[in-house]
Structure formats: structure tokens, C-alpha cells
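What follows is the content of query30.pdb, which has PDB, C-alpha atoms:
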ATOM      1  CA  MET J 160      -1.771  11.478 -61.064  1.00  0.00           C
ATOM      2  CA  TRP J 161       0.119  14.765 -60.967  1.00  0.00           C
ATOM      3  CA  LYS J 162       2.477  13.376 -58.302  1.00  0.00           C
ATOM      4  CA  ARG J 163       3.526  10.625 -60.682  1.00  0.00           C
ATOM      5  CA  ILE J 164       4.107  13.117 -63.486  1.00  0.00           C
ATOM      6  CA  VAL J 165       6.226  15.349 -61.244  1.00  0.00           C
ATOM      7  CA  TRP J 166       8.170  12.292 -60.060  1.00  0.00           C
ATOM      8  CA  ASP J 167       8.792  11.284 -63.696  1.00  0.00           C
ATOM      9  CA  ILE J 168      10.074  14.744 -64.572  1.00  0.00           C
ATOM     10  CA  ILE J 169      12.456  14.642 -61.621  1.00  0.00           C
ATOM     11  CA  VAL J 170      13.787  11.208 -62.589  1.00  0.00           C
ATOM     12  CA  ILE J 171      14.199  12.195 -66.256  1.00  0.00           C
ATOM     13  CA  ALA J 172      16.241  15.183 -65.106  1.00  0.00           C
ATOM     14  CA  LEU J 173      18.335  12.817 -62.982  1.00  0.00           C
ATOM     15  CA  VAL J 174      19.091  10.710 -66.058  1.00  0.00           C
ATOM     16  CA  PHE J 175      20.963  13.672 -67.497  1.00  0.00           C
ATOM     17  CA  ILE J 176      22.676  15.026 -64.376  1.00  0.00           C
ATOM     18  CA  ALA J 177      23.173  12.147 -61.931  1.00  0.00           C
ATOM     19  CA  PRO J 178      24.947   8.780 -61.958  1.00  0.00           C
ATOM     20  CA  TRP J 179      22.895   5.780 -63.003  1.00  0.00           C
ATOM     21  CA  TRP J 180      22.639   4.420 -59.460  1.00  0.00           C
ATOM     22  CA  VAL J 181      20.965   7.615 -58.202  1.00  0.00           C
ATOM     23  CA  THR J 182      18.371   7.319 -60.953  1.00  0.00           C
ATOM     24  CA  LEU J 183      17.940   3.650 -60.087  1.00  0.00           C
ATOM     25  CA  LEU J 184      17.375   4.552 -56.440  1.00  0.00           C
ATOM     26  CA  PHE J 185      14.687   7.061 -57.382  1.00  0.00           C
ATOM     27  CA  GLY J 186      13.189   4.454 -59.727  1.00  0.00           C
ATOM     28  CA  ILE J 187      13.003   1.923 -56.890  1.00  0.00           C
ATOM     29  CA  ILE J 188      11.288   4.504 -54.702  1.00  0.00           C
ATOM     30  CA  GLY J 189       8.876   5.216 -57.555  1.00  0.00           C
ATOM     31  CA  ALA J 190       8.190   1.497 -57.968  1.00  0.00           C
ATOM     32  CA  ALA J 191       7.366   1.300 -54.271  1.00  0.00           C
ATOM     33  CA  LEU J 192       5.111   4.373 -54.324  1.00  0.00           C
ATOM     34  CA  PHE J 193       3.201   3.925 -57.585  1.00  0.00           C
ATOM     35  CA  PRO J 194       1.435   0.880 -59.046  1.00  0.00           C
ATOM     36  CA  TRP J 195       3.189  -0.636 -62.060  1.00  0.00           C
ATOM     37  CA  TYR J 196       5.814   2.070 -62.400  1.00  0.00           C
ATOM     38  CA  LEU J 197       6.705   1.062 -65.958  1.00  0.00           C
ATOM     39  CA  GLU J 198       8.550   4.316 -66.498  1.00  0.00           C
ATOM     40  CA  ILE J 199      11.556   2.747 -64.782  1.00  0.00           C
ATOM     41  CA  ILE J 200      12.037   0.549 -67.869  1.00  0.00           C
ATOM     42  CA  PHE J 201      11.963   3.681 -70.019  1.00  0.00           C
ATOM     43  CA  PHE J 202      14.723   5.182 -67.869  1.00  0.00           C
ATOM     44  CA  GLY J 203      16.846   2.077 -68.391  1.00  0.00           C
ATOM     45  CA  VAL J 204      16.301   2.228 -72.146  1.00  0.00           C
ATOM     46  CA  LEU J 205      17.158   5.937 -72.077  1.00  0.00           C
ATOM     47  CA  TYR J 206      20.440   5.172 -70.309  1.00  0.00           C
ATOM     48  CA  ASP J 207      21.249   2.480 -72.866  1.00  0.00           C
ATOM     49  CA  VAL J 208      20.507   4.815 -75.763  1.00  0.00           C
ATOM     50  CA  LEU J 209      22.403   7.787 -74.361  1.00  0.00           C
ATOM     51  CA  PHE J 210      25.341   6.146 -72.612  1.00  0.00           C
ATOM     52  CA  GLY J 211      25.486   2.583 -73.894  1.00  0.00           C
ATOM     53  CA  GLY J 212      28.649   1.366 -75.522  1.00  0.00           C
ATOM     54  CA  VAL J 213      28.924   0.639 -79.215  1.00  0.00           C
ATOM     55  CA  ASN J 214      31.497  -2.106 -78.772  1.00  0.00           C
ATOM     56  CA  GLY J 215      30.879  -5.516 -77.332  1.00  0.00           C
ATOM     57  CA  SER J 216      28.173  -8.107 -77.494  1.00  0.00           C
ATOM     58  CA  TRP J 217      24.463  -7.489 -77.904  1.00  0.00           C
ATOM     59  CA  TYR J 218      23.760  -7.705 -74.169  1.00  0.00           C
ATOM     60  CA  TYR J 219      25.984  -4.688 -73.473  1.00  0.00           C
ATOM     61  CA  HIS J 220      23.396  -2.593 -75.287  1.00  0.00           C
ATOM     62  CA  LEU J 221      20.654  -3.754 -72.893  1.00  0.00           C
ATOM     63  CA  ILE J 222      22.477  -3.808 -69.560  1.00  0.00           C
ATOM     64  CA  HIS J 223      20.765  -0.769 -68.031  1.00  0.00           C
ATOM     65  CA  THR J 224      17.364  -1.918 -69.236  1.00  0.00           C
ATOM     66  CA  GLY J 225      17.831  -5.198 -67.378  1.00  0.00           C
ATOM     67  CA  ILE J 226      19.153  -3.484 -64.278  1.00  0.00           C
ATOM     68  CA  PHE J 227      16.211  -1.069 -64.207  1.00  0.00           C
ATOM     69  CA  THR J 228      13.591  -3.764 -64.954  1.00  0.00           C
ATOM     70  CA  THR J 229      14.591  -6.024 -62.068  1.00  0.00           C
ATOM     71  CA  PRO J 230      13.458  -3.677 -59.241  1.00  0.00           C
ATOM     72  CA  LEU J 231      10.091  -3.206 -60.934  1.00  0.00           C
ATOM     73  CA  LEU J 232       9.443  -6.942 -61.015  1.00  0.00           C
ATOM     74  CA  VAL J 233      10.648  -7.441 -57.454  1.00  0.00           C
ATOM     75  CA  ALA J 234       8.572  -4.516 -56.166  1.00  0.00           C
ATOM     76  CA  GLU J 235       5.423  -5.780 -57.844  1.00  0.00           C
ATOM     77  CA  LEU J 236       5.990  -9.297 -56.495  1.00  0.00           C
ATOM     78  CA  ILE J 237       6.477  -7.960 -52.969  1.00  0.00           C
ATOM     79  CA  LYS J 238       3.425  -5.691 -53.253  1.00  0.00           C
ATOM     80  CA  THR J 239       1.191  -8.600 -54.253  1.00  0.00           C
ATOM     81  CA  LYS J 240       2.472 -10.718 -51.359  1.00  0.00           C
ATOM     82  CA  ILE J 241       1.954  -7.913 -48.833  1.00  0.00           C
ATOM     83  CA  ASN J 242      -1.508  -6.859 -50.034  1.00  0.00           C
ATOM     84  CA  THR J 243      -3.118 -10.317 -50.121  1.00  0.00           C
ATOM     85  CA  ARG J 244      -5.284 -10.945 -47.081  1.00  0.00           C
TER      86      ARG J 244
END

Encoding of this model in C-alpha cells:
Amino acid sequence: MWKRIVWDIIVIALVFIAPWWVTLLFGIIGAALFPWYLEIIFFGVLYDVLFGGVNGSWYYHLIHTGIFTTPLLVAELIKTKINTR
């Protein structure tokens, strides 16, 4: 449990100091290491809130949330296929 908390703190720090793709990479690693790493969606929402544009259509406000949600769904699908015996 404490490993997941430390990992979350590291990724939250990356939201503020690193490009979005570095945070996404750490989120993908977290999704592979931990079961149902829902925090990755929170990181996408955080990016949209902090750095999202105010101009444009409604989907521009949710672009990072969608980008960060996709690896979670893919990782969980792959994990279920690998672990079924």
C-alpha cells in the first residue's frame, strides 16, 4: 500500500514539473504495477484543469482525461487476458 502512495506522490510531482508524456509514461507503468490504478484518470483531469485551454470545443477540455484513461483500460484488459488460466 505504501508503494502505491509513494508512486502517486511522485507522479503528482511530475504533473507540475514534467511534460504530459512523462507523466503518462509513469501512469502506464503504474497501471501495469498496481491493480486498477484509477489515479491515472485523476492525473488526466488535473492536467485538463491546470493546463487545458479555455477556447475551443467541449472535447478540448477533456483531451488529457481521455488520453490518460485509455492506458488504464488497455492495461486492465491485458491483465485479465494474461491472468486467466

Take every atom of region 226-238 of chain J listed in the file, fit an axis-aligned box around them, add 8 Å per side, and give the centre and edge lengths in Å to one decimal as AutoDock Vina command-line options.
--center_x 11.3 --center_y -5.2 --center_z -59.0 --size_x 31.7 --size_y 24.2 --size_z 28.0

For this session: Apply the PyMOL selection byres ((chain J and resi 221-235) around 6) to the file shown and report the selected residues as an NGL selection string.
Result: :J and (190 or 200 or 203-204 or 207 or 218-220 or 236-238)

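Among the candidates J:Trp180, J:Trp166, J:Phe175, J:Phe210, the residue lying nearest to Tyr196 (chain J) is J:Trp166 (atoms considered: only C-alpha atoms).
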
For this session: Grab the CA of Gly186 (chain J) to CA of Phe202 (chain J) distance for me, in Å with one decimal place.
Result: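 Straight-line distance from CA of Gly186 (chain J) to CA of Phe202 (chain J) works out to 8.3 Å.
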
Tell me, as a PDB file with C-alpha atoms, keeping the file's coordinate frame, which residues lie within 8 Å of Phe185 (chain J), counting all atoms listed in the file; anything in the same chain fewer than 4 positions away does not count.
ATOM      1  CA  VAL J 170      13.787  11.208 -62.589  1.00  0.00           C
ATOM      2  CA  VAL J 181      20.965   7.615 -58.202  1.00  0.00           C
ATOM      3  CA  GLY J 189       8.876   5.216 -57.555  1.00  0.00           C
TER       4      GLY J 189
END

Exercise. Which value, in Å to one decimal, gives the distance between CA of Asn242 (chain J) and CA of Phe193 (chain J)?
Worked result: 14.0 Å

For this session: Do a neighbour search on Val174 (chain J) at 8 Å with all atoms listed in the file, toss out local chain neighbours closer than 5 positions, and write the hits as a VMD selection string.
Result: chain J and resid 179 182 202 205 to 206

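Here CA of Ile171 (chain J) is placed at a distance of 16.9 Å from CA of Leu192 (chain J).
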
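Nearest to Phe201 (chain J) of all the residues J:Leu183, J:Met160, J:Ile176, J:Thr239 is J:Leu183, counting all atoms listed in the file.
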
Exercise. So, counting all atoms listed in the file, which residue among J:Pro178, J:Arg163, J:Leu173, J:Val208 is closest to Pro194 (chain J)?
Worked result: J:Arg163

Working from the structure I just supplied, which lacks atoms in region 194-205 of chain J, can you model all heavy atoms there and output them as an mmCIF file, in the coordinates of the input?
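Contents of rebuild.cif, freshly written:
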data_model
loop_
_atom_site.group_PDB
_atom_site.id
_atom_site.type_symbol
_atom_site.label_atom_id
_atom_site.label_comp_id
_atom_site.auth_asym_id
_atom_site.auth_seq_id
_atom_site.Cartn_x
_atom_site.Cartn_y
_atom_site.Cartn_z
ATOM 1 N N PRO J 194 1.714 2.207 -58.481
ATOM 2 C CA PRO J 194 1.435 0.880 -59.046
ATOM 3 C C PRO J 194 1.968 0.770 -60.474
ATOM 4 O O PRO J 194 1.798 1.672 -61.290
ATOM 5 C CB PRO J 194 -0.087 0.787 -59.008
ATOM 6 C CG PRO J 194 -0.559 2.195 -59.010
ATOM 7 C CD PRO J 194 0.499 2.989 -58.309
ATOM 8 N N TRP J 195 2.605 -0.331 -60.757
ATOM 9 C CA TRP J 195 3.189 -0.636 -62.060
ATOM 10 C C TRP J 195 3.914 0.568 -62.635
ATOM 11 O O TRP J 195 3.532 1.122 -63.661
ATOM 12 C CB TRP J 195 2.152 -1.148 -63.045
ATOM 13 C CG TRP J 195 1.852 -2.574 -62.788
ATOM 14 C CD1 TRP J 195 0.727 -3.072 -62.208
ATOM 15 C CD2 TRP J 195 2.686 -3.693 -63.064
ATOM 16 N NE1 TRP J 195 0.837 -4.426 -62.091
ATOM 17 C CE2 TRP J 195 2.016 -4.842 -62.622
ATOM 18 C CE3 TRP J 195 3.946 -3.841 -63.626
ATOM 19 C CZ2 TRP J 195 2.573 -6.103 -62.733
ATOM 20 C CZ3 TRP J 195 4.487 -5.097 -63.735
ATOM 21 C CH2 TRP J 195 3.794 -6.212 -63.297
ATOM 22 N N TYR J 196 4.990 0.929 -62.005
ATOM 23 C CA TYR J 196 5.814 2.070 -62.400
ATOM 24 C C TYR J 196 6.678 1.673 -63.598
ATOM 25 O O TYR J 196 7.886 1.483 -63.499
ATOM 26 C CB TYR J 196 6.659 2.524 -61.213
ATOM 27 C CG TYR J 196 7.355 3.830 -61.412
ATOM 28 C CD1 TYR J 196 6.638 4.999 -61.565
ATOM 29 C CD2 TYR J 196 8.735 3.912 -61.444
ATOM 30 C CE1 TYR J 196 7.272 6.209 -61.752
ATOM 31 C CE2 TYR J 196 9.382 5.108 -61.624
ATOM 32 C CZ TYR J 196 8.647 6.243 -61.778
ATOM 33 O OH TYR J 196 9.280 7.453 -61.967
ATOM 34 N N LEU J 197 6.029 1.530 -64.751
ATOM 35 C CA LEU J 197 6.705 1.062 -65.958
ATOM 36 C C LEU J 197 7.691 2.082 -66.522
ATOM 37 O O LEU J 197 8.510 1.740 -67.377
ATOM 38 C CB LEU J 197 5.680 0.696 -67.023
ATOM 39 C CG LEU J 197 4.784 -0.489 -66.676
ATOM 40 C CD1 LEU J 197 3.717 -0.683 -67.735
ATOM 41 C CD2 LEU J 197 5.604 -1.746 -66.512
ATOM 42 N N GLU J 198 7.627 3.293 -66.035
ATOM 43 C CA GLU J 198 8.550 4.316 -66.498
ATOM 44 C C GLU J 198 10.000 3.958 -66.172
ATOM 45 O O GLU J 198 10.922 4.408 -66.848
ATOM 46 C CB GLU J 198 8.219 5.667 -65.870
ATOM 47 C CG GLU J 198 6.906 6.255 -66.336
ATOM 48 C CD GLU J 198 5.737 5.877 -65.447
ATOM 49 O OE1 GLU J 198 5.721 4.757 -64.919
ATOM 50 O OE2 GLU J 198 4.829 6.706 -65.282
ATOM 51 N N ILE J 199 10.198 3.144 -65.153
ATOM 52 C CA ILE J 199 11.556 2.747 -64.782
ATOM 53 C C ILE J 199 12.232 1.995 -65.931
ATOM 54 O O ILE J 199 13.435 2.128 -66.150
ATOM 55 C CB ILE J 199 11.554 1.922 -63.473
ATOM 56 C CG1 ILE J 199 12.963 1.791 -62.910
ATOM 57 C CG2 ILE J 199 10.932 0.588 -63.654
ATOM 58 C CD1 ILE J 199 13.005 1.187 -61.516
ATOM 59 N N ILE J 200 11.471 1.236 -66.700
ATOM 60 C CA ILE J 200 12.037 0.549 -67.869
ATOM 61 C C ILE J 200 12.444 1.577 -68.918
ATOM 62 O O ILE J 200 13.498 1.454 -69.547
ATOM 63 C CB ILE J 200 11.029 -0.472 -68.437
ATOM 64 C CG1 ILE J 200 10.725 -1.538 -67.388
ATOM 65 C CG2 ILE J 200 11.558 -1.106 -69.716
ATOM 66 C CD1 ILE J 200 9.617 -2.488 -67.777
ATOM 67 N N PHE J 201 11.630 2.605 -69.087
ATOM 68 C CA PHE J 201 11.963 3.681 -70.019
ATOM 69 C C PHE J 201 13.272 4.361 -69.620
ATOM 70 O O PHE J 201 14.093 4.698 -70.469
ATOM 71 C CB PHE J 201 10.826 4.703 -70.070
ATOM 72 C CG PHE J 201 11.183 5.964 -70.790
ATOM 73 C CD1 PHE J 201 11.304 5.979 -72.172
ATOM 74 C CD2 PHE J 201 11.410 7.138 -70.096
ATOM 75 C CE1 PHE J 201 11.645 7.141 -72.855
ATOM 76 C CE2 PHE J 201 11.745 8.299 -70.758
ATOM 77 C CZ PHE J 201 11.871 8.302 -72.141
ATOM 78 N N PHE J 202 13.485 4.559 -68.329
ATOM 79 C CA PHE J 202 14.723 5.182 -67.869
ATOM 80 C C PHE J 202 15.922 4.294 -68.181
ATOM 81 O O PHE J 202 16.984 4.794 -68.552
ATOM 82 C CB PHE J 202 14.659 5.496 -66.378
ATOM 83 C CG PHE J 202 13.513 6.387 -65.994
ATOM 84 C CD1 PHE J 202 12.788 6.141 -64.842
ATOM 85 C CD2 PHE J 202 13.142 7.453 -66.785
ATOM 86 C CE1 PHE J 202 11.734 6.949 -64.482
ATOM 87 C CE2 PHE J 202 12.084 8.275 -66.434
ATOM 88 C CZ PHE J 202 11.375 8.019 -65.285
ATOM 89 N N GLY J 203 15.766 2.997 -68.034
ATOM 90 C CA GLY J 203 16.846 2.077 -68.391
ATOM 91 C C GLY J 203 17.154 2.110 -69.878
ATOM 92 O O GLY J 203 18.314 2.127 -70.287
ATOM 93 N N VAL J 204 16.106 2.137 -70.699
ATOM 94 C CA VAL J 204 16.301 2.228 -72.146
ATOM 95 C C VAL J 204 16.970 3.552 -72.500
ATOM 96 O O VAL J 204 17.867 3.609 -73.353
ATOM 97 C CB VAL J 204 14.948 2.074 -72.887
ATOM 98 C CG1 VAL J 204 15.086 2.403 -74.360
ATOM 99 C CG2 VAL J 204 14.397 0.673 -72.702
ATOM 100 N N LEU J 205 16.565 4.625 -71.834
ATOM 101 C CA LEU J 205 17.158 5.937 -72.077
ATOM 102 C C LEU J 205 18.650 5.930 -71.749
ATOM 103 O O LEU J 205 19.463 6.478 -72.499
ATOM 104 C CB LEU J 205 16.419 6.993 -71.261
ATOM 105 C CG LEU J 205 16.698 8.452 -71.575
ATOM 106 C CD1 LEU J 205 16.358 8.772 -73.023
ATOM 107 C CD2 LEU J 205 15.883 9.337 -70.656
#
